[in-house]
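Trainee: There's a structure below that I have some questions on.
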Amino acid sequence: MGKIEQGILDGFKGKVGTVVGFFWKGKPVMRGYKRFIHDRHSDAQMLVRLRFAVLNELAVAFKAAADLGLRLRAKSRGNTELNNFVQLNWNNVTANREAEVSVEYGELLLSAGALPGVFFERASYETPQQVAVPFAGNSAAGGATESDRVYLFAYSPSLGSGLLSGGNRRSESQATLTVPAAWSGESIHLWGFVVGTEGHASYSTYLGQGTIG
């Protein structure tokens, strides 16, 4: 706090009321005091919190896939699979001032690593409550083995939940995902990825949208 020794016209240092006094080149100077206010309700802060909220909801829905596809990545960084999911996909979720959120599903990553993937073909929804995706195993690629597991993951935006398939071996020619009857008629987003026996993973591949039969 500042103190005035010889009346209001005397020079002073420090804050007095709503002004701050100091000396510059030997002359007393006074200026208004500016209080810094961190506005937690600014548009920028609100948009950041909204993006975090949506990404956290997605991370929970994608947990089964992230636990497999991001396990070693998370371990190497000393954090969790869910934290990795949020970090990897931060730029794939946007929000505006009208609280409208956009998710770039085609860019979402639920698995990441150096393991070679497989060559996925078009997904089939012809069998009721099942999704089937043919693939070429790519077993000759460096680091790949025929015992690597190929997974499918489906996410339903309307249900807000996801389903992970059992793993098909890389040496097989097709991956399948069976869903509950409650998912019949649901529009889903679909991804595929590969995980090796020691936990090494490939980057996930977005396989498009489809409707469960």
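Letters for chains follow the order of the structure tokens (A, B, ...), residue numbers begin at 1 for each chain, and ligand numbers begin at 1 in the order shown.
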Listing only residues of stretch 166-194 of chain A within 12 Å of stretch 94-112 of chain A, what is the closest atom pair and its distance in Å (to one decimal) for each, using only C-alpha atoms, sorted by chain and residue number ascending, as JSON lines?

Mentor:
{"residue": "A:Ile188", "atom": "CA", "partner": "A:Tyr105", "partner_atom": "CA", "distance": 10.5}
{"residue": "A:His189", "atom": "CA", "partner": "A:Tyr105", "partner_atom": "CA", "distance": 7.4}
{"residue": "A:Leu190", "atom": "CA", "partner": "A:Tyr105", "partner_atom": "CA", "distance": 9.2}
{"residue": "A:Trp191", "atom": "CA", "partner": "A:Leu110", "partner_atom": "CA", "distance": 8.3}
{"residue": "A:Gly192", "atom": "CA", "partner": "A:Ser111", "partner_atom": "CA", "distance": 9.0}
{"residue": "A:Phe193", "atom": "CA", "partner": "A:Ser111", "partner_atom": "CA", "distance": 6.7}
{"residue": "A:Val194", "atom": "CA", "partner": "A:Ser111", "partner_atom": "CA", "distance": 8.3}

Trainee: Quick one: contact table of stretch 87-196 of chain A to stretch 208-211 of chain A, 10 Å max, nearest atom pair and distance in Å to one decimal per residue, counting only C-alpha atoms, chain and number order, as JSON lines?

Mentor:
{"residue": "A:Tyr105", "atom": "CA", "partner": "A:Gly208", "partner_atom": "CA", "distance": 8.7}
{"residue": "A:Gly106", "atom": "CA", "partner": "A:Gly208", "partner_atom": "CA", "distance": 7.2}
{"residue": "A:Arg122", "atom": "CA", "partner": "A:Gly208", "partner_atom": "CA", "distance": 8.7}
{"residue": "A:Ala123", "atom": "CA", "partner": "A:Gly210", "partner_atom": "CA", "distance": 8.1}
{"residue": "A:Ser124", "atom": "CA", "partner": "A:Gly210", "partner_atom": "CA", "distance": 8.5}
{"residue": "A:Tyr125", "atom": "CA", "partner": "A:Thr211", "partner_atom": "CA", "distance": 7.0}
{"residue": "A:Glu126", "atom": "CA", "partner": "A:Thr211", "partner_atom": "CA", "distance": 9.7}
{"residue": "A:Gln129", "atom": "CA", "partner": "A:Thr211", "partner_atom": "CA", "distance": 9.7}
{"residue": "A:Val131", "atom": "CA", "partner": "A:Gly210", "partner_atom": "CA", "distance": 9.0}
{"residue": "A:Ala154", "atom": "CA", "partner": "A:Gln209", "partner_atom": "CA", "distance": 9.2}
{"residue": "A:Tyr155", "atom": "CA", "partner": "A:Gln209", "partner_atom": "CA", "distance": 9.5}
{"residue": "A:Ser156", "atom": "CA", "partner": "A:Thr211", "partner_atom": "CA", "distance": 9.7}
{"residue": "A:Trp183", "atom": "CA", "partner": "A:Thr211", "partner_atom": "CA", "distance": 9.2}
{"residue": "A:Ser184", "atom": "CA", "partner": "A:Thr211", "partner_atom": "CA", "distance": 7.9}
{"residue": "A:Gly185", "atom": "CA", "partner": "A:Thr211", "partner_atom": "CA", "distance": 5.9}
{"residue": "A:Glu186", "atom": "CA", "partner": "A:Thr211", "partner_atom": "CA", "distance": 5.5}
{"residue": "A:Ser187", "atom": "CA", "partner": "A:Thr211", "partner_atom": "CA", "distance": 4.4}
{"residue": "A:Ile188", "atom": "CA", "partner": "A:Gly210", "partner_atom": "CA", "distance": 5.5}
{"residue": "A:His189", "atom": "CA", "partner": "A:Gln209", "partner_atom": "CA", "distance": 4.6}
{"residue": "A:Leu190", "atom": "CA", "partner": "A:Gly208", "partner_atom": "CA", "distance": 5.7}
{"residue": "A:Trp191", "atom": "CA", "partner": "A:Gly208", "partner_atom": "CA", "distance": 7.5}

Trainee: Could you write out the selected residues, including C-alpha atoms, as a PDB file, in the first residue's frame?

Mentor:
ATOM      1  CA  TYR A 105     -15.332 -38.793 -36.791  1.00  0.00           C
ATOM      2  CA  GLY A 106     -13.221 -39.613 -39.824  1.00  0.00           C
ATOM      3  CA  ARG A 122     -15.693 -52.150 -47.460  1.00  0.00           C
ATOM      4  CA  ALA A 123     -17.774 -53.064 -44.405  1.00  0.00           C
ATOM      5  CA  SER A 124     -20.847 -55.257 -44.876  1.00  0.00           C
ATOM      6  CA  TYR A 125     -24.061 -54.840 -42.837  1.00  0.00           C
ATOM      7  CA  GLU A 126     -26.078 -57.559 -44.596  1.00  0.00           C
ATOM      8  CA  GLN A 129     -26.814 -57.459 -35.821  1.00  0.00           C
ATOM      9  CA  VAL A 131     -20.748 -55.974 -39.158  1.00  0.00           C
ATOM     10  CA  ALA A 154     -18.412 -49.223 -33.600  1.00  0.00           C
ATOM     11  CA  TYR A 155     -19.773 -46.030 -32.073  1.00  0.00           C
ATOM     12  CA  SER A 156     -23.405 -44.948 -32.059  1.00  0.00           C
ATOM     13  CA  TRP A 183     -28.541 -51.614 -31.835  1.00  0.00           C
ATOM     14  CA  SER A 184     -30.690 -52.743 -34.792  1.00  0.00           C
ATOM     15  CA  GLY A 185     -31.425 -49.770 -37.036  1.00  0.00           C
ATOM     16  CA  GLU A 186     -28.725 -47.625 -35.412  1.00  0.00           C
ATOM     17  CA  SER A 187     -26.389 -45.531 -37.548  1.00  0.00           C
ATOM     18  CA  ILE A 188     -22.794 -46.136 -36.488  1.00  0.00           C
ATOM     19  CA  HIS A 189     -19.257 -45.007 -37.178  1.00  0.00           C
ATOM     20  CA  LEU A 190     -16.746 -47.821 -37.618  1.00  0.00           C
ATOM     21  CA  TRP A 191     -12.975 -48.168 -37.125  1.00  0.00           C
TER      22      TRP A 191
END

Trainee: Please compute the atom CA of A:Thr176-atom CA of A:Leu82 distance, one decimal, in Å.

Mentor: 25.0 Å

Trainee: Please compute the atom CA of A:Ala144-atom CA of A:Arg71 distance, one decimal, in Å.

Mentor: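 Straight-line distance from atom CA of A:Ala144 to atom CA of A:Arg71 works out to 18.1 Å.
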
Trainee: With distances taken over only C-alpha atoms, which residue among A:Ala114, A:His200, A:Pro134, A:Val179 lies nearest A:Asp148?

Mentor: A:His200

Trainee: In terms of the shortest atom-to-atom distance over only C-alpha atoms, which of A:Val150, A:Leu159, A:Leu88, A:Ile212 is closest to A:Ala59?

Mentor: A:Leu88

Trainee: Could you give me, as JSON, numbers by chain, each residue of stretch 7-213 of chain A that DSSP assigns to helix (DSSP H, G or I) when run on this structure's backbone?

Mentor: {"A": [43, 44, 45, 46, 47, 48, 49, 50, 51, 52, 53, 54, 55, 56, 57, 58, 59, 60, 61, 63, 64, 65, 66, 67, 68, 69, 71, 72, 73, 74, 75, 76, 77, 81, 82, 83, 84, 85, 86, 87, 88, 89, 90, 91, 92, 105, 106, 107, 181, 182, 183]}

Trainee: When DSSP is applied to the backbone of this structure, which of stretch 104-178 of chain A are assigned strand (DSSP E or B)? Write them out as a list in words.

Mentor: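 Result set for stretch 104-178 of chain A (strand (DSSP E or B)): Phe119, Phe120, Ser124, Gln130, Val131, Ala132, Val133, Pro134, Phe135, Ala136, Arg149, Val150, Tyr151, Leu152, Phe153, Ala154, Tyr155, Ser156, Ser161, Gly162, Leu163, Leu164, Asn168, Arg169, Gln174, Ala175, Thr176, Leu177 and Thr178 of chain A.
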
Trainee: Grab the atom CA of A:Arg169 to atom CA of A:Ala74 distance for me, in Å with one decimal place.

Mentor: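 Rounded to one decimal, the two atoms are 24.3 Å apart.
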
Trainee: Just checking: using only C-alpha atoms, which residue out of A:Val54, A:Ala136, A:Ala65, A:Met46 ends up closest to A:Val86?

Mentor: A:Val54

Trainee: Determine the nearest neighbour of A:Arg149 from the options A:Gln87, A:Asn79, A:Ser171, A:Thr127, counting only C-alpha atoms.

Mentor: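 Closest to A:Arg149, using only C-alpha atoms: A:Ser171.
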